[in-house]
>>> print(open('run25.txt').read())   # compact mmCIF, C-alpha atoms and all ligand atoms
# COMPACT_ATOMS: atom_id res chain seq x y z
CA MET A 53 -19.08 -17.13 16.45
CA THR A 54 -19.18 -19.45 13.44
CA PHE A 55 -22.82 -20.26 14.22
CA TRP A 56 -23.75 -16.56 14.22
CA ARG A 57 -21.65 -15.94 11.10
CA THR A 58 -23.45 -18.79 9.32
CA PHE A 59 -26.80 -17.47 10.55
CA LEU A 60 -26.01 -13.92 9.39
CA ASP A 61 -24.78 -15.23 6.05
CA LEU A 62 -28.15 -16.91 5.53
CA LEU A 63 -29.91 -13.58 6.10
CA LEU A 64 -27.39 -11.37 4.32
CA PRO A 65 -25.06 -13.37 2.11
CA ARG A 66 -21.58 -11.89 1.69
CA HIS A 67 -19.81 -12.13 -1.63
CA CYS A 68 -16.21 -12.56 -2.72
CA VAL A 69 -14.71 -9.24 -3.84
CA MET A 70 -12.97 -10.98 -6.74
CA CYS A 71 -15.40 -13.56 -8.18
CA ASP A 72 -18.69 -12.59 -6.48
CA ALA A 73 -19.28 -16.15 -5.21
CA GLU A 74 -21.05 -16.41 -1.85
CA LEU A 75 -18.62 -16.56 1.04
CA ASN A 76 -18.83 -19.26 3.67
CA ALA A 77 -18.56 -18.55 7.40
CA SER A 78 -14.79 -19.08 7.48
CA GLU A 79 -14.06 -16.72 4.59
CA THR A 80 -13.56 -12.96 4.77
CA ASP A 81 -13.72 -10.62 1.77
CA ILE A 82 -12.11 -13.08 -0.69
CA CYS A 83 -13.06 -16.76 -1.15
CA ASN A 84 -10.44 -19.45 -0.61
CA VAL A 85 -10.45 -20.39 -4.30
CA CYS A 86 -9.54 -16.84 -5.34
CA LEU A 87 -6.95 -16.55 -2.56
CA CYS A 88 -5.27 -19.73 -3.84
CA ASN A 89 -5.32 -18.50 -7.44
CA VAL A 90 -3.86 -15.05 -6.78
CA GLU A 91 -0.49 -14.50 -8.43
CA TYR A 92 1.68 -13.40 -5.51
CA ILE A 93 4.93 -11.60 -6.30
CA ARG A 94 7.86 -13.79 -5.31
CA TRP A 95 10.97 -11.82 -6.21
CA GLU A 96 13.87 -13.45 -4.43
CA SER A 97 15.51 -10.34 -3.00
CA ALA A 98 14.38 -7.21 -1.20
CA THR A 99 17.57 -5.41 -2.21
CA ASP A 100 17.56 -6.10 -5.97
CA ASN A 101 14.25 -6.45 -7.79
CA PRO A 102 12.07 -4.71 -10.42
CA PHE A 103 10.52 -2.37 -7.83
CA LEU A 104 13.92 -1.09 -6.70
CA ARG A 105 15.10 -0.67 -10.27
CA ARG A 106 12.04 1.49 -10.91
CA ILE A 107 13.00 3.98 -8.21
CA TRP A 108 16.77 3.48 -7.81
CA ASP A 109 17.82 5.99 -10.44
CA LYS A 110 15.71 8.65 -8.74
CA HIS A 111 16.58 7.97 -5.10
CA ASP A 112 18.67 5.67 -2.97
CA VAL A 113 16.38 3.10 -1.43
CA GLU A 114 17.84 0.26 0.60
CA ALA A 115 15.07 -2.31 0.10
CA ALA A 116 11.65 -2.64 -1.50
CA GLY A 117 8.92 -5.22 -1.91
CA SER A 118 5.41 -5.64 -3.28
CA SER A 119 2.97 -8.53 -3.13
CA LEU A 120 0.30 -8.49 -5.84
CA TYR A 121 0.60 -7.89 -9.57
CA TYR A 122 -2.03 -5.41 -10.59
CA ASN A 123 -3.48 -3.90 -13.74
CA SER A 124 -6.89 -2.55 -14.60
CA LEU A 125 -7.87 -5.80 -16.34
CA SER A 126 -6.78 -8.20 -13.60
CA ASP A 127 -9.10 -9.92 -11.12
CA LEU A 128 -7.38 -7.94 -8.40
CA HIS A 129 -8.67 -4.68 -9.86
CA ASN A 130 -11.90 -5.04 -7.84
CA VAL A 131 -9.89 -5.66 -4.70
CA PHE A 132 -7.92 -2.43 -4.95
CA ILE A 133 -10.98 -0.42 -5.98
CA ALA A 134 -12.84 -1.78 -2.93
CA ILE A 135 -9.96 -0.88 -0.63
CA LYS A 136 -9.55 2.60 -2.04
CA TYR A 137 -13.02 3.79 -2.99
CA PHE A 138 -15.67 1.48 -1.51
CA ARG A 139 -14.93 1.72 2.18
CA ARG A 140 -13.27 -1.66 2.53
CA PRO A 141 -9.94 -0.56 4.05
CA LYS A 142 -9.91 -3.58 6.40
CA LEU A 143 -9.43 -5.71 3.30
CA GLY A 144 -6.12 -3.87 2.79
CA LEU A 145 -5.15 -4.54 6.41
CA ARG A 146 -5.91 -8.25 6.12
CA LEU A 147 -4.12 -8.65 2.79
CA ALA A 148 -1.04 -6.86 4.12
CA GLN A 149 -1.04 -9.13 7.16
CA LEU A 150 -1.28 -12.14 4.88
CA CYS A 151 1.32 -11.01 2.34
CA PHE A 152 3.99 -9.16 4.31
CA PRO A 153 5.64 -12.16 6.08
CA TYR A 154 7.23 -13.15 2.75
CA TRP A 155 9.06 -9.80 2.62
CA GLN A 156 9.78 -9.74 6.31
CA ASN A 157 11.68 -13.02 5.84
CA LEU A 158 13.77 -11.30 3.14
CA GLY A 159 14.73 -8.50 5.52
CA LEU A 160 12.28 -5.80 4.46
CA ALA A 161 11.60 -3.42 7.40
CA LYS A 162 14.37 -5.09 9.43
CA ASP A 163 15.17 -2.90 12.45
CA ALA A 164 12.69 -0.26 11.20
CA GLU A 165 11.89 2.52 13.64
CA CYS A 166 8.41 3.05 12.24
CA ILE A 167 6.07 2.49 9.30
CA ILE A 168 5.15 5.67 7.40
CA PRO A 169 2.03 5.53 5.21
CA VAL A 170 1.92 7.80 2.15
CA PRO A 171 -0.52 10.49 3.32
CA LEU A 172 -3.64 11.79 1.60
CA SER A 173 -4.30 15.50 1.33
CA MET A 174 -6.60 16.92 4.00
CA ALA A 175 -9.35 17.45 1.41
CA ARG A 176 -9.17 13.86 0.21
CA MET A 177 -9.03 12.54 3.76
CA LEU A 178 -12.17 14.47 4.70
CA LYS A 179 -13.97 13.20 1.61
CA ARG A 180 -12.94 9.54 1.87
CA GLY A 181 -12.75 9.31 5.64
CA TYR A 182 -9.75 6.98 5.71
CA ASN A 183 -6.32 6.54 4.19
CA GLN A 184 -5.95 3.10 2.62
CA ALA A 185 -2.14 3.25 2.95
CA GLU A 186 -2.59 3.67 6.71
CA TRP A 187 -4.74 0.55 6.93
CA ILE A 188 -2.21 -1.45 4.93
CA SER A 189 0.46 -0.12 7.31
CA GLN A 190 -1.61 -1.32 10.28
CA GLY A 191 -1.68 -4.82 8.77
CA ILE A 192 2.14 -4.77 8.59
CA ALA A 193 2.31 -3.40 12.14
CA ARG A 194 0.21 -6.29 13.44
CA GLN A 195 2.52 -8.72 11.70
CA THR A 196 5.84 -7.14 12.68
CA GLY A 197 5.17 -5.17 15.87
CA ILE A 198 6.69 -2.06 14.23
CA PRO A 199 4.59 1.03 15.08
CA VAL A 200 2.85 3.15 12.44
CA ASN A 201 3.58 6.88 12.46
CA ALA A 202 1.16 8.73 10.17
CA LYS A 203 2.24 12.13 11.46
CA ILE A 204 5.64 12.49 9.80
CA LEU A 205 4.73 13.22 6.19
CA VAL A 206 2.13 15.68 4.99
CA ARG A 207 0.66 16.04 1.52
CA SER A 208 0.41 19.70 0.72
CA LYS A 209 -1.84 19.48 -2.30
CA HIS A 210 -4.40 17.17 -3.74
CA ILE A 211 -3.93 16.08 -7.33
CA ARG A 212 -6.64 14.72 -9.53
CA THR A 213 -6.68 11.02 -10.33
CA GLN A 214 -3.61 10.03 -12.35
CA THR A 215 -5.26 7.07 -14.05
CA HIS A 216 -5.33 8.67 -17.48
CA LYS A 217 -1.97 10.40 -17.32
CA ASN A 218 1.19 9.11 -18.92
CA ALA A 219 4.43 8.54 -17.00
CA THR A 220 5.92 11.98 -17.73
CA GLU A 221 2.72 13.76 -16.71
CA ARG A 222 2.61 11.76 -13.48
CA TRP A 223 6.17 12.72 -12.59
CA GLU A 224 5.49 16.42 -13.27
CA ASN A 225 2.26 16.23 -11.31
CA THR A 226 3.79 14.79 -8.16
CA LYS A 227 6.81 17.06 -7.77
CA ASN A 228 7.19 18.66 -4.35
CA ILE A 229 3.77 17.75 -3.05
CA PHE A 230 5.02 16.08 0.17
CA SER A 231 6.88 17.58 3.11
CA VAL A 232 7.97 16.53 6.60
CA ARG A 233 6.15 18.06 9.56
CA LYS A 234 8.16 20.54 11.60
CA ASN A 235 7.75 18.55 14.84
CA ALA A 236 8.65 15.15 13.34
CA PRO A 237 11.14 13.10 15.41
CA ASP A 238 14.75 12.94 14.18
CA LEU A 239 15.05 9.96 11.82
CA ASN A 240 18.68 10.45 10.81
CA GLY A 241 20.48 7.11 10.87
CA LYS A 242 17.17 5.29 11.41
CA THR A 243 15.38 2.87 9.09
CA ILE A 244 11.77 3.47 8.12
CA LEU A 245 9.27 1.55 5.97
CA LEU A 246 7.33 3.75 3.54
CA VAL A 247 3.97 2.18 2.55
CA ASP A 248 1.40 2.79 -0.19
CA ASP A 249 -1.41 0.76 -1.75
CA ILE A 250 -0.14 0.53 -5.36
CA THR A 251 2.91 1.73 -7.22
CA THR A 252 2.71 2.56 -10.92
CA THR A 253 5.54 4.86 -11.99
CA GLY A 254 6.86 5.26 -8.45
CA ALA A 255 6.49 9.05 -8.74
CA THR A 256 4.46 9.43 -5.52
CA LEU A 257 6.89 7.32 -3.50
CA CYS A 258 9.88 9.17 -4.92
CA ASP A 259 8.48 12.53 -3.87
CA CYS A 260 7.93 11.17 -0.33
CA ILE A 261 11.55 9.92 -0.30
CA ARG A 262 12.80 13.29 -1.54
CA ALA A 263 11.00 15.03 1.34
CA LEU A 264 12.33 12.54 3.90
CA ARG A 265 15.91 12.80 2.63
CA GLU A 266 15.86 16.58 2.53
CA ARG A 267 15.07 16.64 6.25
CA PHE A 268 16.97 13.49 7.27
CA PRO A 269 20.00 13.04 4.96
CA THR A 270 21.11 9.77 6.59
CA ILE A 271 17.72 8.04 6.83
CA ASN A 272 17.48 4.44 5.51
CA VAL A 273 14.37 4.00 3.41
CA HIS A 274 12.60 0.70 2.79
CA VAL A 275 9.45 0.71 0.64
CA TYR A 276 6.44 -1.61 0.41
CA THR A 277 3.28 -1.43 -1.68
CA LEU A 278 0.54 -4.05 -1.72
CA GLY A 279 0.11 -3.80 -5.52
CA PHE A 280 2.67 -3.43 -8.29
CA THR A 281 1.67 -2.59 -11.83
CA HIS A 282 3.45 -2.67 -15.16
CA ASN A 283 1.08 -0.07 -16.61
CA GLU A 284 3.40 2.85 -17.30
ZN ZN A 301 -13.65 -15.61 -5.15
>>> encode(input="run25.txt", output="structure tokens")
Amino acid sequence: MTFWRTFLDLLLPRHCVMCDAELNASETDICNVCLCNVEYIRWESATDNPFLRRIWDKHDVEAAGSSLYYNSLSDLHNVFIAIKYFRRPKLGLRLAQLCFPYWQNLGLAKDAECIIPVPLSMARMLKRGYNQAEWISQGIARQTGIPVNAKILVRSKHIRTQTHKNATERWENTKNIFSVRKNAPDLNGKTILLVDDITTTGATLCDCIRALRERFPTINVHVYTLGFTHNE
């Protein structure tokens, strides 16, 4: 395998998503130097941290975690763009597999019934062909053995990119856009892990939680996003 990888790399060199250096046969997507230099989030608790404080006043959430600091100027910008827009969703899966054990050790997703990715609208799904949150969820599933259920939440409308909107506009824009499917299993009294690629204001996650709690008043919600940004 390594021989063929080395051979293929000679013909078609692969490059690091972060620094553009040529990858060697043992590296995938990101070179070892960049992987070592990434600033991983190491909050000490899954039940009291900046992520939870961002969404606590809006909704009760039992636990939350995130793994990579992100802003549009950081080296990780290219990584998230590749995952979301340039058909590299496997990169999200691999990063989630690499990063989630830290949070698993702190009790995130403990006893979770299933992992629920934040859904895309049908129009966006048809255009992009994949949901990056679902791939990140699959990475967590491989690590934890908890199944992914992408058929519980549905996104009823597509909203334009929120990149240039301020926090208030984002909150207004993401009100009541998610709902729970009629035939979803009963999740009352169960714990679920809600997953997205990046959280900025938390508005998208909070609307998902609103929809889940309206249907299942006693659900326990844990939340994980691969990226966490201070851009608000
Ligand atoms: Zn690199």
>>> closest_residue(input="run25.txt", among="A:Asn228, A:Thr256, A:Leu178, A:Cys88", to="ligand ZN 301 (chain A)", atoms="only C-alpha atoms and all ligand atoms")
A:Cys88
>>> atom_distance(input="run25.txt", atom1="atom CA of Thr196 of chain A", atom2="atom CA of Asp81 of chain A")
22.7 Å
>>> residues_near_ligand(input="run25.txt", ligand="ligand ZN 301 (chain A)", cutoff="12 Å", atoms="only C-alpha atoms and all ligand atoms", output="ChimeraX atom specification")
/A:66-76,79-90,127-128,130-131
>>> residues_around(input="run25.txt", residues="Asn183 of chain A", least_positions_apart="3", cutoff="12 Å", atoms="all atoms listed in the file", output="mmCIF file with C-alpha atoms, keeping the file's coordinate frame")
data_model
loop_
_atom_site.group_PDB
_atom_site.id
_atom_site.type_symbol
_atom_site.label_atom_id
_atom_site.label_comp_id
_atom_site.auth_asym_id
_atom_site.auth_seq_id
_atom_site.Cartn_x
_atom_site.Cartn_y
_atom_site.Cartn_z
ATOM 1 C CA ILE A 135 -9.960 -0.880 -0.630
ATOM 2 C CA LYS A 136 -9.550 2.600 -2.040
ATOM 3 C CA TYR A 137 -13.020 3.790 -2.990
ATOM 4 C CA ARG A 139 -14.930 1.720 2.180
ATOM 5 C CA ARG A 140 -13.270 -1.660 2.530
ATOM 6 C CA PRO A 141 -9.940 -0.560 4.050
ATOM 7 C CA LYS A 142 -9.910 -3.580 6.400
ATOM 8 C CA GLY A 144 -6.120 -3.870 2.790
ATOM 9 C CA LEU A 145 -5.150 -4.540 6.410
ATOM 10 C CA ILE A 168 5.150 5.670 7.400
ATOM 11 C CA PRO A 169 2.030 5.530 5.210
ATOM 12 C CA VAL A 170 1.920 7.800 2.150
ATOM 13 C CA PRO A 171 -0.520 10.490 3.320
ATOM 14 C CA LEU A 172 -3.640 11.790 1.600
ATOM 15 C CA SER A 173 -4.300 15.500 1.330
ATOM 16 C CA MET A 174 -6.600 16.920 4.000
ATOM 17 C CA ALA A 175 -9.350 17.450 1.410
ATOM 18 C CA ARG A 176 -9.170 13.860 0.210
ATOM 19 C CA MET A 177 -9.030 12.540 3.760
ATOM 20 C CA LEU A 178 -12.170 14.470 4.700
ATOM 21 C CA LYS A 179 -13.970 13.200 1.610
ATOM 22 C CA ARG A 180 -12.940 9.540 1.870
ATOM 23 C CA GLU A 186 -2.590 3.670 6.710
ATOM 24 C CA TRP A 187 -4.740 0.550 6.930
ATOM 25 C CA ILE A 188 -2.210 -1.450 4.930
ATOM 26 C CA SER A 189 0.460 -0.120 7.310
ATOM 27 C CA GLN A 190 -1.610 -1.320 10.280
ATOM 28 C CA ALA A 202 1.160 8.730 10.170
ATOM 29 C CA VAL A 247 3.970 2.180 2.550
ATOM 30 C CA ASP A 248 1.400 2.790 -0.190
ATOM 31 C CA ASP A 249 -1.410 0.760 -1.750
#
>>> closest_residue(input="run25.txt", among="A:Ile93, A:Ala77, A:Leu104, A:Ile198", to="Ile167 of chain A", atoms="all atoms listed in the file")
A:Ile198
>>> closest_residue(input="run25.txt", among="A:Gly279, A:Gly254, A:Gly241, A:Gly117", to="Ser97 of chain A", atoms="all atoms listed in the file")
A:Gly117
>>> atom_distance(input="run25.txt", atom1="atom CA of Ile192 of chain A", atom2="atom CA of Ala148 of chain A")
5.9 Å
>>> residues_around(input="run25.txt", residues="segment 229-232 of chain A", least_positions_apart="2", cutoff="12 Å", atoms="only C-alpha atoms", output="JSON, numbers by chain")
{"A": [168, 170, 171, 172, 173, 202, 203, 204, 205, 206, 207, 208, 209, 210, 211, 223, 224, 225, 226, 227, 234, 235, 236, 237, 238, 239, 255, 256, 257, 258, 259, 260, 261, 262, 263, 264, 265, 266, 267, 268]}
>>> write_last_selection(input="run25.txt", atoms="C-alpha atoms", output="short mmCIF file (atom, residue, chain, number, x, y, z; two decimals), keeping the file's coordinate frame")
data_model
loop_
_atom_site.label_atom_id
_atom_site.label_comp_id
_atom_site.auth_asym_id
_atom_site.auth_seq_id
_atom_site.Cartn_x
_atom_site.Cartn_y
_atom_site.Cartn_z
CA ILE A 168 5.15 5.67 7.40
CA VAL A 170 1.92 7.80 2.15
CA PRO A 171 -0.52 10.49 3.32
CA LEU A 172 -3.64 11.79 1.60
CA SER A 173 -4.30 15.50 1.33
CA ALA A 202 1.16 8.73 10.17
CA LYS A 203 2.24 12.13 11.46
CA ILE A 204 5.64 12.49 9.80
CA LEU A 205 4.73 13.22 6.19
CA VAL A 206 2.13 15.68 4.99
CA ARG A 207 0.66 16.04 1.52
CA SER A 208 0.41 19.70 0.72
CA LYS A 209 -1.84 19.48 -2.30
CA HIS A 210 -4.40 17.17 -3.74
CA ILE A 211 -3.93 16.08 -7.33
CA TRP A 223 6.17 12.72 -12.59
CA GLU A 224 5.49 16.42 -13.27
CA ASN A 225 2.26 16.23 -11.31
CA THR A 226 3.79 14.79 -8.16
CA LYS A 227 6.81 17.06 -7.77
CA LYS A 234 8.16 20.54 11.60
CA ASN A 235 7.75 18.55 14.84
CA ALA A 236 8.65 15.15 13.34
CA PRO A 237 11.14 13.10 15.41
CA ASP A 238 14.75 12.94 14.18
CA LEU A 239 15.05 9.96 11.82
CA ALA A 255 6.49 9.05 -8.74
CA THR A 256 4.46 9.43 -5.52
CA LEU A 257 6.89 7.32 -3.50
CA CYS A 258 9.88 9.17 -4.92
CA ASP A 259 8.48 12.53 -3.87
CA CYS A 260 7.93 11.17 -0.33
CA ILE A 261 11.55 9.92 -0.30
CA ARG A 262 12.80 13.29 -1.54
CA ALA A 263 11.00 15.03 1.34
CA LEU A 264 12.33 12.54 3.90
CA ARG A 265 15.91 12.80 2.63
CA GLU A 266 15.86 16.58 2.53
CA ARG A 267 15.07 16.64 6.25
CA PHE A 268 16.97 13.49 7.27
#
>>> atom_distance(input="run25.txt", atom1="atom CA of Trp155 of chain A", atom2="atom CA of Ala98 of chain A")
7.0 Å
>>> axis_aligned_box(input="run25.txt", around="segment 97-101 of chain A", padding_each_side="3 Å", output="JSON")
{"center_x": 15.9, "center_y": -7.9, "center_z": -4.5, "size_x": 9.3, "size_y": 10.9, "size_z": 12.6}
>>> residues_around(input="run25.txt", residues="Val113 of chain A", least_positions_apart="3", cutoff="12 Å", atoms="all atoms listed in the file", output="PyMOL selection string")
chain A and resi 98-101+103-110+116-117+160-161+243-246+257-258+260-262+264-265+270-276
>>> write_last_selection(input="run25.txt", atoms="C-alpha atoms", output="PDB file, in the coordinates of the input")
ATOM      1  CA  ALA A  98      14.380  -7.210  -1.200  1.00  0.00           C
ATOM      2  CA  THR A  99      17.570  -5.410  -2.210  1.00  0.00           C
ATOM      3  CA  ASP A 100      17.560  -6.100  -5.970  1.00  0.00           C
ATOM      4  CA  ASN A 101      14.250  -6.450  -7.790  1.00  0.00           C
ATOM      5  CA  PHE A 103      10.520  -2.370  -7.830  1.00  0.00           C
ATOM      6  CA  LEU A 104      13.920  -1.090  -6.700  1.00  0.00           C
ATOM      7  CA  ARG A 105      15.100  -0.670 -10.270  1.00  0.00           C
ATOM      8  CA  ARG A 106      12.040   1.490 -10.910  1.00  0.00           C
ATOM      9  CA  ILE A 107      13.000   3.980  -8.210  1.00  0.00           C
ATOM     10  CA  TRP A 108      16.770   3.480  -7.810  1.00  0.00           C
ATOM     11  CA  ASP A 109      17.820   5.990 -10.440  1.00  0.00           C
ATOM     12  CA  LYS A 110      15.710   8.650  -8.740  1.00  0.00           C
ATOM     13  CA  ALA A 116      11.650  -2.640  -1.500  1.00  0.00           C
ATOM     14  CA  GLY A 117       8.920  -5.220  -1.910  1.00  0.00           C
ATOM     15  CA  LEU A 160      12.280  -5.800   4.460  1.00  0.00           C
ATOM     16  CA  ALA A 161      11.600  -3.420   7.400  1.00  0.00           C
ATOM     17  CA  THR A 243      15.380   2.870   9.090  1.00  0.00           C
ATOM     18  CA  ILE A 244      11.770   3.470   8.120  1.00  0.00           C
ATOM     19  CA  LEU A 245       9.270   1.550   5.970  1.00  0.00           C
ATOM     20  CA  LEU A 246       7.330   3.750   3.540  1.00  0.00           C
ATOM     21  CA  LEU A 257       6.890   7.320  -3.500  1.00  0.00           C
ATOM     22  CA  CYS A 258       9.880   9.170  -4.920  1.00  0.00           C
ATOM     23  CA  CYS A 260       7.930  11.170  -0.330  1.00  0.00           C
ATOM     24  CA  ILE A 261      11.550   9.920  -0.300  1.00  0.00           C
ATOM     25  CA  ARG A 262      12.800  13.290  -1.540  1.00  0.00           C
ATOM     26  CA  LEU A 264      12.330  12.540   3.900  1.00  0.00           C
ATOM     27  CA  ARG A 265      15.910  12.800   2.630  1.00  0.00           C
ATOM     28  CA  THR A 270      21.110   9.770   6.590  1.00  0.00           C
ATOM     29  CA  ILE A 271      17.720   8.040   6.830  1.00  0.00           C
ATOM     30  CA  ASN A 272      17.480   4.440   5.510  1.00  0.00           C
ATOM     31  CA  VAL A 273      14.370   4.000   3.410  1.00  0.00           C
ATOM     32  CA  HIS A 274      12.600   0.700   2.790  1.00  0.00           C
ATOM     33  CA  VAL A 275       9.450   0.710   0.640  1.00  0.00           C
ATOM     34  CA  TYR A 276       6.440  -1.610   0.410  1.00  0.00           C
TER      35      TYR A 276
END
>>> closest_residue(input="run25.txt", among="A:Cys166, A:Gln184, A:Arg94, A:Asn123", to="Pro153 of chain A", atoms="all atoms listed in the file")
A:Arg94
>>> closest_residue(input="run25.txt", among="A:Pro102, A:Ala134, A:Arg194, A:Asn157", to="Tyr121 of chain A", atoms="all atoms listed in the file")
A:Pro102
>>> residues_around(input="run25.txt", residues="Leu147 of chain A", least_positions_apart="4", cutoff="8 Å", atoms="only C-alpha atoms", output="PyMOL selection string")
chain A and resi 143+151+188+191+278
>>> closest_residue(input="run25.txt", among="A:Ala193, A:Val200, A:Ala185, A:Leu150", to="Thr251 of chain A", atoms="only C-alpha atoms")
A:Ala185
>>> decode(input="run25.txt", residues="segment 137-145 of chain A", atoms="all heavy atoms", output="mmCIF file, in the first residue's frame")
data_model
loop_
_atom_site.group_PDB
_atom_site.id
_atom_site.type_symbol
_atom_site.label_atom_id
_atom_site.label_comp_id
_atom_site.auth_asym_id
_atom_site.auth_seq_id
_atom_site.Cartn_x
_atom_site.Cartn_y
_atom_site.Cartn_z
ATOM 1 N N TYR A 137 -16.841 23.226 0.884
ATOM 2 C CA TYR A 137 -17.128 23.634 -0.502
ATOM 3 C C TYR A 137 -16.335 22.882 -1.568
ATOM 4 O O TYR A 137 -16.692 22.925 -2.735
ATOM 5 C CB TYR A 137 -16.855 25.131 -0.672
ATOM 6 C CG TYR A 137 -17.707 26.001 0.215
ATOM 7 C CD1 TYR A 137 -17.150 26.706 1.267
ATOM 8 C CD2 TYR A 137 -19.088 26.098 -0.009
ATOM 9 C CE1 TYR A 137 -17.939 27.506 2.091
ATOM 10 C CE2 TYR A 137 -19.878 26.883 0.808
ATOM 11 C CZ TYR A 137 -19.294 27.586 1.851
ATOM 12 O OH TYR A 137 -20.081 28.368 2.659
ATOM 13 N N PHE A 138 -15.216 22.251 -1.198
ATOM 14 C CA PHE A 138 -14.363 21.663 -2.236
ATOM 15 C C PHE A 138 -14.322 20.143 -2.188
ATOM 16 O O PHE A 138 -13.294 19.531 -2.446
ATOM 17 C CB PHE A 138 -12.958 22.270 -2.188
ATOM 18 C CG PHE A 138 -12.939 23.705 -2.645
ATOM 19 C CD1 PHE A 138 -12.865 24.737 -1.732
ATOM 20 C CD2 PHE A 138 -13.049 24.024 -3.988
ATOM 21 C CE1 PHE A 138 -12.881 26.057 -2.143
ATOM 22 C CE2 PHE A 138 -13.063 25.332 -4.414
ATOM 23 C CZ PHE A 138 -12.984 26.357 -3.489
ATOM 24 N N ARG A 139 -15.440 19.582 -1.836
ATOM 25 C CA ARG A 139 -15.626 18.129 -1.926
ATOM 26 C C ARG A 139 -14.553 17.344 -1.191
ATOM 27 O O ARG A 139 -14.042 16.336 -1.693
ATOM 28 C CB ARG A 139 -15.695 17.698 -3.403
ATOM 29 C CG ARG A 139 -16.802 18.405 -4.136
ATOM 30 C CD ARG A 139 -17.134 17.826 -5.489
ATOM 31 N NE ARG A 139 -18.381 18.403 -5.954
ATOM 32 C CZ ARG A 139 -19.581 17.944 -5.628
ATOM 33 N NH1 ARG A 139 -19.691 16.904 -4.836
ATOM 34 N NH2 ARG A 139 -20.675 18.529 -6.073
ATOM 35 N N ARG A 140 -14.206 17.799 -0.002
ATOM 36 C CA ARG A 140 -13.260 17.038 0.822
ATOM 37 C C ARG A 140 -13.911 16.651 2.152
ATOM 38 O O ARG A 140 -13.323 16.859 3.212
ATOM 39 C CB ARG A 140 -11.998 17.887 1.095
ATOM 40 C CG ARG A 140 -11.258 18.361 -0.136
ATOM 41 C CD ARG A 140 -10.441 17.261 -0.794
ATOM 42 N NE ARG A 140 -9.336 16.832 0.021
ATOM 43 C CZ ARG A 140 -8.127 17.392 -0.023
ATOM 44 N NH1 ARG A 140 -7.887 18.393 -0.823
ATOM 45 N NH2 ARG A 140 -7.155 16.920 0.741
ATOM 46 N N PRO A 141 -15.142 16.110 2.128
ATOM 47 C CA PRO A 141 -15.813 15.822 3.397
ATOM 48 C C PRO A 141 -15.104 14.775 4.244
ATOM 49 O O PRO A 141 -15.219 14.780 5.459
ATOM 50 C CB PRO A 141 -17.203 15.330 2.965
ATOM 51 C CG PRO A 141 -17.020 14.816 1.586
ATOM 52 C CD PRO A 141 -15.959 15.671 0.966
ATOM 53 N N LYS A 142 -14.315 13.887 3.573
ATOM 54 C CA LYS A 142 -13.585 12.864 4.342
ATOM 55 C C LYS A 142 -12.580 13.496 5.300
ATOM 56 O O LYS A 142 -12.217 12.915 6.315
ATOM 57 C CB LYS A 142 -12.849 11.922 3.392
ATOM 58 C CG LYS A 142 -13.660 10.723 3.015
ATOM 59 C CD LYS A 142 -12.785 9.697 2.318
ATOM 60 C CE LYS A 142 -13.656 8.540 1.858
ATOM 61 N NZ LYS A 142 -12.921 7.648 0.977
ATOM 62 N N LEU A 143 -12.111 14.677 4.926
ATOM 63 C CA LEU A 143 -11.200 15.408 5.810
ATOM 64 C C LEU A 143 -11.915 15.724 7.130
ATOM 65 O O LEU A 143 -11.333 15.639 8.212
ATOM 66 C CB LEU A 143 -10.753 16.687 5.095
ATOM 67 C CG LEU A 143 -9.923 17.725 5.804
ATOM 68 C CD1 LEU A 143 -8.686 17.120 6.430
ATOM 69 C CD2 LEU A 143 -9.524 18.828 4.819
ATOM 70 N N GLY A 144 -13.193 16.074 7.042
ATOM 71 C CA GLY A 144 -13.988 16.332 8.249
ATOM 72 C C GLY A 144 -14.134 15.067 9.082
ATOM 73 O O GLY A 144 -14.025 15.101 10.313
ATOM 74 N N LEU A 145 -14.370 13.960 8.404
ATOM 75 C CA LEU A 145 -14.497 12.665 9.111
ATOM 76 C C LEU A 145 -13.208 12.343 9.856
ATOM 77 O O LEU A 145 -13.214 12.019 11.042
ATOM 78 C CB LEU A 145 -14.831 11.576 8.090
ATOM 79 C CG LEU A 145 -15.055 10.157 8.623
ATOM 80 C CD1 LEU A 145 -16.033 9.393 7.735
ATOM 81 C CD2 LEU A 145 -13.753 9.370 8.716
#
